[in-house]
Amino acid sequence: MNSLFVTFAYFLESSKNYYKTKHFFYELLEDNNSIKRKYFDFFMIFLVLSTVAILIFEVNHTILPWLDTYETIAVFIFIVEWIGRFWVNSHAHKHIISDYETSQLLNQPYYFSNSCKTILKEKLSFIFSPMSIIDLLAILPSYRPLRILRILMLFRLFKILRYTNSIKQFRHVIIEKKFEFLTLGMLFVMAVIFGSTIIFIYEGAGINPNIHNYFDAIYWSVITISSVGFGDISPVTIQGRVATLFLVVGGMGVIAFSTSIVTTALSARLIILKEEKVIGEANSLNNFIIICGFGRMGKVLANEFLKVEQKFLIIDQNDETFLHFNTQKFLAVKGDATDSSLLENVGINAGGATTIIACTDNDAVNLSIILTARSLNPNIHIIARANNTNAKQKLLLAGAREVILSNEISALVATEYIGQPVAFEAIDDILLNSEGAIMDEIEILNKSHFIGHTLENINLNAFNLTLIGVINLKNRQEFIFNPKKESYIVQEKDIFIIIGNKESITQFKIDILSSKPKSPHYAH
Amino acid sequence: MPINTIIIYSFSKLAIQIATVLDKKGYHVIVIEEDIKLVNEAQSAGYEVIQISLLDDKNILSLHMNHQNVKAFFCVSDNKNINLFITLSVRNLNPNLKIISVSFASQDNKTMLLAGANKIINPYEIGAFRIFRLLHKPYILDILDNILFSESDIEIAEITIEQNSIFDGIYLKDTNIINDYNLILIGIQDKEIQDKFIFYSSGINHKVDKGDTIVLLGHKKDLNNFTKLLNNYN
């Protein structure tokens, strides 16, 4: 018997289809980042709301038969959903395997009943989890003999909690602020007991015609303390009125206190929520860049990336730096980029991050970012900013592929200006990606109709482009400066380095991609 | 005043880098610094240091910046307002001096130009563009680095056209001489429209006059031969 279960457990473990199916249901029911789950949630919310609408409709209408069928189908879906959750909640067969292997290792006999206990415990804890109870209560009233419990149908509304992430956060808030709420609750209960006892003692014995029993007193004191004050019961004695005054003042305190707890906790939660959303989005991206530090350099860099629609994520400790920027256009996380768990969360090793740029104004922080990133992903492209000359070597040693010492580059650029100001301006124009002309690299793809032609044939002048040189990726990446127009034959994987304005370059790129010549630029 | 003198205001981190490069290129560097600690640092690095404040016009005049041997003035302290003030003062006293000032934010560039700087350098911008290019145009970065900053064979050069030069009065597209020397014409700066650099690739067939400056790219020896040719004509 034991061995039968073990064999079955191993069979499941090795079955690809089993895992695939289970994973599908997991994605559908529980995976927060899955798109399938999103659609499923919408569908379930619709189902819940429609069945509740039927309940309301039934109050003063006779039920239509097709609505009954609809209800049955909905309940069936609810049951299947619950069973699905019950199933994907844990991997029962894994317990059997691990227990079996442990017993093999220790050379002890294996008892299925032991694994059974663990599995049962796990499944029971699922069944008695609040959300599962809500699910069950939402299904229960459909059972004919329990028709009387129809009001439990309203529990279905609670089911919606499951499908909307934001409301779920409210639960977290309550759990997080358990202590505060408990204190508040105690305070509230004491105030209520205090108020209701006073009013009951002084007005309960037939003095106040509206207070018949202690429940009336409690009802009055809760209505008063919450500052609702219906006025159906009001104190008639001096003592009762004094008690009311205290209750009203105390009530204000209770309300203010509870409001502040909820709002502060919720706003703190909102930041986490936003961050989770950003991380979730980052994980769905391919080929993006992580910029650590959003200072003066980071901002210029971000602007350039936005221009070429390169996706990126910014990590900065100070979220005020994001405020002046339109964060709708890119992803930003407030946090410590040297924190390996944060880098891991945004997908530095498993996700789509290809490059990480450490550009804070602190060399020690940059070094730490490099080391953290390198330890998480040995292949990621790391670029670092060095603020001091002697840090450059260390940053390279830590694993940065390139280190930018902005003062050094600036000095080279600035001194170039002294010797040849005009040439410098020309280069500066090109470098700053300004309106005039830009320098671009264009790769000749294997299907291009340019392959095999001489440069004279292609006639770059017709595109208003100046060719500086050609790099051939096949040929040891050698740079050929100003290749001879008559004799140079364009090859596959050539990279043209050209100067021209943006429009000309775009036009040329379109032309180069096509496999047939479109424009009459071939020189005959 | 030694020939090819360059005056640098303050001995900031950026200034140290600039001084190093200029020194290598054979310029005579004079550092102006007030802080005694930095003065000592600059002196031990081997630069001529004058310890004065440039906030006073008398001190600026005492430097004789209008001397023909002073090639440029760098205003690169770490304080934005002091840079502005000194740029303005120096420009006021020396209308023809080449002034290069630092700016730390692109929105300050305009003010600095208004104050009279010929050229603005923004280290953050330059650094950021470099990172950007590293990722997006690595080949270009490599080639430009080779042309601009290293002792490579290919160089960029600017040549001012003199009267009666072979270029005087001809249209750019009508000459093959640049091609014959294996040079690439990047563009031209017209004497009349000082600020506007016309790229050859813009397609404008510009007529070259004396005083115009052409910018060429080419191998060192070709550039030398070409300049020789021009000189022979003059």
# chains A, B, ... in the order shown; residues from 1 in each chain; ligands from 1

$ closest_atom_pairs --of "chain A" --to "chain B" --cutoff "6 Å" --atoms "only C-alpha atoms" --output "tab-separated table"
residue	atom	partner	partner_atom	distance
A:Met297	CA	B:Tyr124	CA	4.7
A:Leu301	CA	B:Ala128	CA	5.1
A:Ser406	CA	B:Gly127	CA	4.6
A:Asn407	CA	B:Leu14	CA	5.0
A:Glu408	CA	B:Gln17	CA	5.5
A:Ser410	CA	B:Pro123	CA	5.5
A:Ala411	CA	B:Ile18	CA	4.4
A:Ala423	CA	B:Val215	CA	5.6
A:Asn464	CA	B:Ser201	CA	4.8
A:Leu465	CA	B:Ser201	CA	4.9
A:Thr466	CA	B:Ser201	CA	5.5
A:Gly500	CA	B:Ser201	CA	5.3

$ write_last_selection --atoms "N, CA and C atoms" --output "mmCIF file, in the first residue's frame"
data_model
loop_
_atom_site.group_PDB
_atom_site.id
_atom_site.type_symbol
_atom_site.label_atom_id
_atom_site.label_comp_id
_atom_site.auth_asym_id
_atom_site.auth_seq_id
_atom_site.Cartn_x
_atom_site.Cartn_y
_atom_site.Cartn_z
ATOM 1 N N MET A 297 23.548 63.541 -13.572
ATOM 2 C CA MET A 297 23.932 62.717 -14.709
ATOM 3 C C MET A 297 22.812 61.748 -15.076
ATOM 4 N N LEU A 301 20.854 61.235 -18.741
ATOM 5 C CA LEU A 301 20.851 59.895 -19.316
ATOM 6 C C LEU A 301 19.419 59.416 -19.569
ATOM 7 N N SER A 406 33.695 61.635 -15.549
ATOM 8 C CA SER A 406 33.173 62.750 -16.341
ATOM 9 C C SER A 406 34.117 63.939 -16.372
ATOM 10 N N ASN A 407 34.852 64.170 -15.289
ATOM 11 C CA ASN A 407 35.799 65.280 -15.295
ATOM 12 C C ASN A 407 36.909 65.069 -16.317
ATOM 13 N N GLU A 408 37.339 63.831 -16.424
ATOM 14 C CA GLU A 408 38.419 63.516 -17.351
ATOM 15 C C GLU A 408 37.972 63.752 -18.794
ATOM 16 N N SER A 410 35.454 65.554 -19.770
ATOM 17 C CA SER A 410 35.174 66.974 -19.954
ATOM 18 C C SER A 410 36.454 67.745 -20.220
ATOM 19 N N ALA A 411 37.513 67.374 -19.512
ATOM 20 C CA ALA A 411 38.787 68.061 -19.709
ATOM 21 C C ALA A 411 39.302 67.846 -21.126
ATOM 22 N N ALA A 423 36.285 72.990 -35.560
ATOM 23 C CA ALA A 423 36.175 71.538 -35.624
ATOM 24 C C ALA A 423 35.470 71.023 -34.379
ATOM 25 N N ASN A 464 22.418 62.722 -49.181
ATOM 26 C CA ASN A 464 22.998 63.790 -48.360
ATOM 27 C C ASN A 464 23.677 63.232 -47.101
ATOM 28 N N LEU A 465 24.445 62.194 -47.313
ATOM 29 C CA LEU A 465 25.167 61.604 -46.186
ATOM 30 C C LEU A 465 26.661 61.633 -46.480
ATOM 31 N N THR A 466 27.451 61.847 -45.441
ATOM 32 C CA THR A 466 28.900 61.781 -45.585
ATOM 33 C C THR A 466 29.370 60.492 -44.926
ATOM 34 N N GLY A 500 25.022 62.885 -41.085
ATOM 35 C CA GLY A 500 23.924 63.433 -41.869
ATOM 36 C C GLY A 500 22.820 63.860 -40.940
#

$ residues_around --residues "Leu114 in chain B" --least-positions-apart "5" --cutoff "10 Å" --atoms "only C-alpha atoms" --output "PyMOL selection string"
chain B and resi 84+87-88+109

$ select_by_dssp --residues "range 14-195 of chain B" --states "helix (DSSP H, G or I)" --output "ChimeraX atom specification"
/B:14-24,36-44,57-62,80-93,106-115,123-136,138-149,172-174,177-180

$ residues_around --residues "range 503-512 of chain A" --least-positions-apart "2" --cutoff "10 Å" --atoms "only C-alpha atoms" --output "ChimeraX atom specification"
/A:437-445,447-451,460,462-465,498-501,514-519 /B:201-202

$ write_last_selection --atoms "C-alpha atoms" --output "PDB file, in the first residue's frame"
ATOM      1  CA  ALA A 437      23.710  66.625 -38.078  1.00  0.00           C
ATOM      2  CA  ILE A 438      24.245  63.421 -36.193  1.00  0.00           C
ATOM      3  CA  MET A 439      26.704  60.627 -36.557  1.00  0.00           C
ATOM      4  CA  ASP A 440      25.190  57.205 -36.852  1.00  0.00           C
ATOM      5  CA  GLU A 441      26.196  53.617 -37.407  1.00  0.00           C
ATOM      6  CA  ILE A 442      24.206  51.605 -39.900  1.00  0.00           C
ATOM      7  CA  GLU A 443      24.586  47.885 -40.291  1.00  0.00           C
ATOM      8  CA  ILE A 444      24.165  46.266 -43.670  1.00  0.00           C
ATOM      9  CA  LEU A 445      21.929  43.266 -43.058  1.00  0.00           C
ATOM     10  CA  LYS A 447      19.360  40.705 -47.351  1.00  0.00           C
ATOM     11  CA  SER A 448      20.198  44.244 -48.316  1.00  0.00           C
ATOM     12  CA  HIS A 449      20.390  44.980 -52.027  1.00  0.00           C
ATOM     13  CA  PHE A 450      23.535  47.014 -51.393  1.00  0.00           C
ATOM     14  CA  ILE A 451      25.660  43.912 -50.893  1.00  0.00           C
ATOM     15  CA  LEU A 460      25.578  58.166 -50.592  1.00  0.00           C
ATOM     16  CA  ALA A 462      22.238  61.352 -53.166  1.00  0.00           C
ATOM     17  CA  PHE A 463      21.066  60.759 -49.591  1.00  0.00           C
ATOM     18  CA  ASN A 464      22.998  63.790 -48.360  1.00  0.00           C
ATOM     19  CA  LEU A 465      25.167  61.604 -46.186  1.00  0.00           C
ATOM     20  CA  ILE A 498      27.973  58.287 -41.494  1.00  0.00           C
ATOM     21  CA  ILE A 499      27.192  61.910 -40.796  1.00  0.00           C
ATOM     22  CA  GLY A 500      23.924  63.433 -41.869  1.00  0.00           C
ATOM     23  CA  ASN A 501      20.717  64.864 -40.544  1.00  0.00           C
ATOM     24  CA  SER A 514      14.517  46.753 -48.406  1.00  0.00           C
ATOM     25  CA  SER A 515      15.712  43.924 -50.529  1.00  0.00           C
ATOM     26  CA  LYS A 516      14.958  45.776 -53.759  1.00  0.00           C
ATOM     27  CA  PRO A 517      16.081  49.244 -54.678  1.00  0.00           C
ATOM     28  CA  LYS A 518      13.219  51.712 -54.555  1.00  0.00           C
ATOM     29  CA  SER A 519      14.680  55.065 -55.248  1.00  0.00           C
TER      30      SER A 519
ATOM     31  CA  SER B 201      25.994  66.437 -45.693  1.00  0.00           C
ATOM     32  CA  SER B 202      23.284  69.098 -45.487  1.00  0.00           C
TER      33      SER B 202
END

$ residues_around --residues "range 126-140 of chain A" --least-positions-apart "6" --cutoff "8 Å" --atoms "only C-alpha atoms" --output "ChimeraX atom specification"
/A:75,78-79,82,86,89,146,152-156,158-159,162

$ write_last_selection --atoms "C-alpha atoms" --output "PDB file, in the first residue's frame"
ATOM      1  CA  VAL A  75     -22.356  27.934  -8.121  1.00  0.00           C
ATOM      2  CA  PHE A  78     -17.552  28.593  -7.640  1.00  0.00           C
ATOM      3  CA  ILE A  79     -17.181  24.976  -6.553  1.00  0.00           C
ATOM      4  CA  TRP A  82     -12.560  26.301  -4.811  1.00  0.00           C
ATOM      5  CA  PHE A  86      -7.496  23.470  -2.898  1.00  0.00           C
ATOM      6  CA  ASN A  89      -2.426  25.369  -2.798  1.00  0.00           C
ATOM      7  CA  LEU A 146     -29.955  25.537   3.514  1.00  0.00           C
ATOM      8  CA  LEU A 152     -25.043  34.257   3.259  1.00  0.00           C
ATOM      9  CA  MET A 153     -25.125  34.844  -0.476  1.00  0.00           C
ATOM     10  CA  LEU A 154     -23.848  38.280   0.409  1.00  0.00           C
ATOM     11  CA  PHE A 155     -20.611  36.578   1.351  1.00  0.00           C
ATOM     12  CA  ARG A 156     -20.051  36.357  -2.340  1.00  0.00           C
ATOM     13  CA  PHE A 158     -16.490  39.300   0.057  1.00  0.00           C
ATOM     14  CA  LYS A 159     -15.256  36.965  -2.595  1.00  0.00           C
ATOM     15  CA  ARG A 162      -9.935  37.922  -3.597  1.00  0.00           C
TER      16      ARG A 162
END

$ closest_residue --among "A:Val346, A:Ile160, A:Ala243, A:Leu106" --to "Phe46 in chain A" --atoms "only C-alpha atoms"
A:Ile160

$ residues_around --residues "Ala42 in chain B" --least-positions-apart "6" --cutoff "9 Å" --atoms "only C-alpha atoms" --output "list in words"
Phe11, Ile16, Val31, Glu33, Glu48 and Val49 of chain B

$ select_by_dssp --residues "range 93-230 of chain B" --states "strand (DSSP E or B)" --output "JSON, numbers by chain"
{"B": [99, 100, 101, 102, 119, 120, 121, 154, 155, 156, 157, 158, 159, 160, 171, 183, 184, 185, 186, 187, 188, 189, 197, 198, 199, 207, 213, 214, 215, 216, 217, 218, 219]}

$ write_last_selection --atoms "C-alpha atoms" --output "tab-separated table (two decimals), in the first residue's frame"
chain	number	residue	atom	x	y	z
B	99	ILE	CA	36.51	81.90	-22.07
B	100	ILE	CA	35.42	78.37	-21.26
B	101	SER	CA	33.17	77.98	-18.23
B	102	VAL	CA	31.68	75.05	-16.43
B	119	LYS	CA	32.00	77.64	-24.56
B	120	ILE	CA	30.21	75.78	-21.80
B	121	ILE	CA	31.24	72.42	-20.53
B	154	ILE	CA	43.29	59.86	-38.16
B	155	GLU	CA	42.84	63.43	-37.10
B	156	ILE	CA	40.38	66.24	-37.38
B	157	ALA	CA	41.68	69.56	-38.61
B	158	GLU	CA	40.34	72.99	-39.39
B	159	ILE	CA	41.82	75.17	-42.07
B	160	THR	CA	40.98	78.82	-42.58
B	171	TYR	CA	31.77	75.91	-54.82
B	183	LEU	CA	40.30	63.56	-46.89
B	184	ILE	CA	36.69	63.85	-45.80
B	185	LEU	CA	35.08	67.27	-45.67
B	186	ILE	CA	32.87	67.54	-42.60
B	187	GLY	CA	31.67	71.05	-43.22
B	188	ILE	CA	32.39	74.72	-43.30
B	189	GLN	CA	31.96	77.71	-41.10
B	197	PHE	CA	28.39	75.47	-38.99
B	198	ILE	CA	27.24	74.07	-42.31
B	199	PHE	CA	27.63	70.32	-42.57
B	207	LYS	CA	30.63	79.03	-52.02
B	213	THR	CA	37.02	77.71	-42.09
B	214	ILE	CA	36.75	74.18	-43.42
B	215	VAL	CA	36.84	71.13	-41.17
B	216	LEU	CA	38.52	68.02	-42.53
B	217	LEU	CA	39.04	64.48	-41.39
B	218	GLY	CA	41.95	62.45	-42.61
B	219	HIS	CA	45.21	60.65	-42.05

$ atom_distance --atom1 "CA of Asp23 in chain B" --atom2 "CA of Ile50 in chain B"
17.0 Å
